[in-house]
Amino acid sequence: MPKGANQKLKLYYLAKIMVEKTDDEHFLTMPQIRKHLEVYGVTADRKSLYDDMEALRVLGIDVIGEQEGRNYYYHVGSKHFELAELKLLVDSIQSSKFITEKKSSELIKKVTALGSEYEATQLRRQVVVQGRIKTMNESIYYVVDEIHNAIAHNKKIRFEYLQWNLEKKMVPRKEGLYEISPWALTFDDENYYLIGFDSEAQKIKHYRVDKMRKIVHLEDMREGKEAFASLNMADYSRMNFGMFGGEKTSVKLMFRNEMVGILLDRFGKDIPIRSSKEKGYSETIVDVAVSDQFFGWIFALGSGIKILSPTEVADRFRDEITERLSLYTPV
């Protein structure tokens with residue numbers, strides 16, 4: 001039989017055809033497989049294809065052959081990713097705020113290539129997320145990579161940190177650059193954050209990755225190993241509402257019993273819960289960063305929650321409300 005120009009690539013094209021055009025619900029017969037190969041300029045007889053199918057199995061591609069009537073049908077069974085897993089990946093990419101629209105499209109295109117062409121049609125869908133504004137920083141992926149490299153090489157980094165101005169432009173938050181020992185990256189409130197040690201302030205700090213740019217690796221070795229070793233990342237994330245700083249304080253809260261899920265979602269299942277003297281209410285003690293963001297969270301929960309102690313925290317919350325009310329007092 002004459003050999004096609006791409007005969008040496010026969011196994012590659014066969015794998016491509018089987019992965020893209022078959023799945024648990026779509027099959028190909030041997031004549032159909034031969035026709036698909038001819039599109040790539042590859043010819044194959046039936047006997048050699050039997051050997052090639054076995055070679056694909058050896059390579060880890062789950063080729064399944066099933067007889068139905070007089071015909072034999074082939075398809076790829078289990079793949080690296082099941083359709084449900086691919087859908088989850090696509091939904092996560094599409095709904096992630098820190099991934100730009102452009103990068104979302106590029107990543108989804110790559111993910112859909114992991115399934116068959118029939119599965120790909122189910123993956124091209126729009127996930128609607130209310131109030132979602134995606135980041136406009138296209139360089140965030142490279143920033144994350146630079147941070148990982150610095151951590152891997154145990155080096156400090158220097159960078160510019162930005163903030164929005166009234167002209168809707170990102171400008172440096174301060175004159176000069178930030179110098180930090182990077183220790184970890186964390187994901188909170190749909191944003192990436194760098195957790196690092198500030199040698200000058202002698203404390204752990206965090207920075208929004210999408211607001212960092214011009215990262216430079218320094219020759220200086222990282223500092224703060226002891227401080228980070230004693231840091232519980234889960235507690236740190238729960239304590240810092242919206243990743244804004246504040247003084248760590250143990251706060252006693254009273255809440256309506258039906259609101260227990262809100263407390264557990266925010267602080268985890270390890271928080272203590274006991275009955276309150278108030279009927280239908282319970283109490284808990286949690287560590288929080290006392291800040292405007294914490295007070296905003298309490299205010300948003302309405303009359304169903306109350307700060308019991310410390311007294312200075314409750315007083316500060318009351319004063320905050322009073323100050324806000326004064327803005328709306330009739331003249």
# chains A, B, ... in the order shown; residues from 1 in each chain; ligands from 1
>>> residues_around(residues="Leu86 in chain A", least_positions_apart="6", cutoff="12 Å", atoms="only C-alpha atoms", output="number ranges by chain")
A: 79-80, 92-93, 107-116, 119-125
>>> write_last_selection(atoms="C-alpha atoms", output="PDB file, in the first residue's frame")
ATOM      1  CA  LYS A  79      -9.317  10.548  30.022  1.00  0.00           C
ATOM      2  CA  HIS A  80      -7.072  12.720  32.133  1.00  0.00           C
ATOM      3  CA  SER A  92     -13.678  28.545  37.771  1.00  0.00           C
ATOM      4  CA  ILE A  93     -11.696  30.352  35.089  1.00  0.00           C
ATOM      5  CA  LEU A 107      -7.251  29.389  29.117  1.00  0.00           C
ATOM      6  CA  ILE A 108     -10.735  28.111  28.309  1.00  0.00           C
ATOM      7  CA  LYS A 109      -9.641  27.394  24.743  1.00  0.00           C
ATOM      8  CA  LYS A 110      -6.808  25.259  26.098  1.00  0.00           C
ATOM      9  CA  VAL A 111      -9.080  23.478  28.562  1.00  0.00           C
ATOM     10  CA  THR A 112     -11.662  22.619  25.884  1.00  0.00           C
ATOM     11  CA  ALA A 113      -8.875  20.983  23.866  1.00  0.00           C
ATOM     12  CA  LEU A 114      -8.589  18.393  26.635  1.00  0.00           C
ATOM     13  CA  GLY A 115     -11.983  16.957  25.732  1.00  0.00           C
ATOM     14  CA  SER A 116     -13.606  15.679  22.562  1.00  0.00           C
ATOM     15  CA  GLU A 119     -17.603  17.828  24.864  1.00  0.00           C
ATOM     16  CA  ALA A 120     -16.069  21.149  23.784  1.00  0.00           C
ATOM     17  CA  THR A 121     -19.504  22.429  22.720  1.00  0.00           C
ATOM     18  CA  GLN A 122     -20.725  21.919  26.288  1.00  0.00           C
ATOM     19  CA  LEU A 123     -17.710  23.761  27.662  1.00  0.00           C
ATOM     20  CA  ARG A 124     -18.320  26.901  25.589  1.00  0.00           C
ATOM     21  CA  ARG A 125     -20.782  28.442  27.975  1.00  0.00           C
TER      22      ARG A 125
END
>>> residues_around(residues="Lys203 in chain A", least_positions_apart="6", cutoff="9 Å", atoms="only C-alpha atoms", output="list in words")
Gly196, Phe197, Gly224 and Ala227 of chain A
>>> closest_residue(among="A:Ile195, A:Val260, A:Leu88, A:Ile204", to="Ile151 in chain A", atoms="only C-alpha atoms")
A:Ile195
>>> residues_around(residues="Ala44 in chain A", least_positions_apart="5", cutoff="8 Å", atoms="only C-alpha atoms", output="list in words")
Arg34, Leu37 and Leu49 of chain A
>>> closest_residue(among="A:Tyr118, A:Arg173, A:Asn232, A:Ala201", to="His26 in chain A", atoms="only C-alpha atoms")
A:Tyr118
>>> select_by_dssp(residues="range 7-151 of chain A", states="strand (DSSP E or B)", output="ChimeraX atom specification")
/A:23,26,28-29,63-68,71-76
>>> closest_residue(among="A:His75, A:His36, A:Arg324, A:Arg46", to="Phe299 in chain A", atoms="only C-alpha atoms")
A:Arg324
>>> select_by_dssp(residues="range 57-174 of chain A", states="alpha helix (DSSP H)", output="PyMOL selection string")
chain A and resi 57-58+83-95+101-112+117-123+140-152
>>> residues_around(residues="Met53 in chain A", least_positions_apart="4", cutoff="12 Å", atoms="only C-alpha atoms", output="PyMOL selection string")
chain A and resi 10-15+17-18+30+33+46-49+57-65+74-76
>>> residues_around(residues="Met254 in chain A", least_positions_apart="3", cutoff="10 Å", atoms="only C-alpha atoms", output="list of chain:residue names")
A:Asn257, A:Ile273, A:Arg274, A:Ser275, A:Ser276, A:Lys277, A:Glu278, A:Tyr281, A:Ser282, A:Glu283, A:Thr284, A:Ile285, A:Gly304, A:Ile305, A:Lys306, A:Ile307, A:Leu308, A:Ser309
>>> write_last_selection(atoms="N, CA and C atoms", output="PDB file, in the first residue's frame")
ATOM      1  N   ASN A 257     -29.658  32.246  66.479  1.00  0.00           N
ATOM      2  CA  ASN A 257     -29.283  30.857  66.206  1.00  0.00           C
ATOM      3  C   ASN A 257     -29.286  30.521  64.718  1.00  0.00           C
ATOM      4  N   ILE A 273     -19.156  27.610  70.503  1.00  0.00           N
ATOM      5  CA  ILE A 273     -20.533  28.118  70.452  1.00  0.00           C
ATOM      6  C   ILE A 273     -21.260  27.645  71.708  1.00  0.00           C
ATOM      7  N   ARG A 274     -21.890  28.586  72.397  1.00  0.00           N
ATOM      8  CA  ARG A 274     -22.668  28.223  73.576  1.00  0.00           C
ATOM      9  C   ARG A 274     -23.955  29.032  73.597  1.00  0.00           C
ATOM     10  N   SER A 275     -24.918  28.547  74.330  1.00  0.00           N
ATOM     11  CA  SER A 275     -26.215  29.218  74.408  1.00  0.00           C
ATOM     12  C   SER A 275     -26.068  30.547  75.135  1.00  0.00           C
ATOM     13  N   SER A 276     -26.885  31.506  74.731  1.00  0.00           N
ATOM     14  CA  SER A 276     -26.901  32.821  75.363  1.00  0.00           C
ATOM     15  C   SER A 276     -28.082  32.916  76.328  1.00  0.00           C
ATOM     16  N   LYS A 277     -28.016  33.903  77.226  1.00  0.00           N
ATOM     17  CA  LYS A 277     -29.141  34.149  78.126  1.00  0.00           C
ATOM     18  C   LYS A 277     -30.359  34.615  77.348  1.00  0.00           C
ATOM     19  N   GLU A 278     -30.088  35.254  76.215  1.00  0.00           N
ATOM     20  CA  GLU A 278     -31.174  35.721  75.354  1.00  0.00           C
ATOM     21  C   GLU A 278     -31.771  34.525  74.623  1.00  0.00           C
ATOM     22  N   TYR A 281     -30.767  32.960  70.934  1.00  0.00           N
ATOM     23  CA  TYR A 281     -29.445  33.480  70.595  1.00  0.00           C
ATOM     24  C   TYR A 281     -28.351  32.568  71.137  1.00  0.00           C
ATOM     25  N   SER A 282     -27.171  32.635  70.500  1.00  0.00           N
ATOM     26  CA  SER A 282     -25.985  31.925  70.962  1.00  0.00           C
ATOM     27  C   SER A 282     -24.820  32.898  70.988  1.00  0.00           C
ATOM     28  N   GLU A 283     -23.689  32.453  71.571  1.00  0.00           N
ATOM     29  CA  GLU A 283     -22.505  33.313  71.682  1.00  0.00           C
ATOM     30  C   GLU A 283     -21.270  32.572  71.191  1.00  0.00           C
ATOM     31  N   THR A 284     -20.300  33.332  70.723  1.00  0.00           N
ATOM     32  CA  THR A 284     -19.023  32.765  70.298  1.00  0.00           C
ATOM     33  C   THR A 284     -17.921  33.778  70.526  1.00  0.00           C
ATOM     34  N   ILE A 285     -16.677  33.312  70.515  1.00  0.00           N
ATOM     35  CA  ILE A 285     -15.510  34.194  70.615  1.00  0.00           C
ATOM     36  C   ILE A 285     -14.613  33.911  69.413  1.00  0.00           C
ATOM     37  N   GLY A 304     -29.295  40.977  63.972  1.00  0.00           N
ATOM     38  CA  GLY A 304     -29.141  39.577  64.371  1.00  0.00           C
ATOM     39  C   GLY A 304     -27.824  39.267  65.044  1.00  0.00           C
ATOM     40  N   ILE A 305     -26.931  40.251  65.166  1.00  0.00           N
ATOM     41  CA  ILE A 305     -25.630  40.014  65.785  1.00  0.00           C
ATOM     42  C   ILE A 305     -25.230  41.225  66.612  1.00  0.00           C
ATOM     43  N   LYS A 306     -24.513  40.973  67.699  1.00  0.00           N
ATOM     44  CA  LYS A 306     -24.119  42.064  68.595  1.00  0.00           C
ATOM     45  C   LYS A 306     -22.737  41.793  69.166  1.00  0.00           C
ATOM     46  N   ILE A 307     -21.905  42.844  69.242  1.00  0.00           N
ATOM     47  CA  ILE A 307     -20.590  42.745  69.870  1.00  0.00           C
ATOM     48  C   ILE A 307     -20.781  42.882  71.375  1.00  0.00           C
ATOM     49  N   LEU A 308     -20.403  41.848  72.126  1.00  0.00           N
ATOM     50  CA  LEU A 308     -20.543  41.873  73.578  1.00  0.00           C
ATOM     51  C   LEU A 308     -19.291  42.398  74.279  1.00  0.00           C
ATOM     52  N   SER A 309     -18.127  41.994  73.771  1.00  0.00           N
ATOM     53  CA  SER A 309     -16.872  42.440  74.370  1.00  0.00           C
ATOM     54  C   SER A 309     -15.740  42.239  73.365  1.00  0.00           C
TER      55      SER A 309
END
>>> closest_residue(among="A:Glu200, A:Asp91, A:Asp270, A:Glu25", to="Ser105 in chain A", atoms="only C-alpha atoms")
A:Asp91
>>> closest_residue(among="A:Val216, A:Phe98, A:Thr329, A:Glu167", to="Ile147 in chain A", atoms="only C-alpha atoms")
A:Val216
>>> residues_around(residues="His206 in chain A", least_positions_apart="4", cutoff="12 Å", atoms="only C-alpha atoms", output="JSON, numbers by chain")
{"A": [161, 178, 180, 181, 182, 183, 184, 185, 186, 187, 188, 191, 192, 193, 194, 195, 196, 197, 198, 211, 212, 233, 236, 237, 240, 242, 243, 244, 245]}
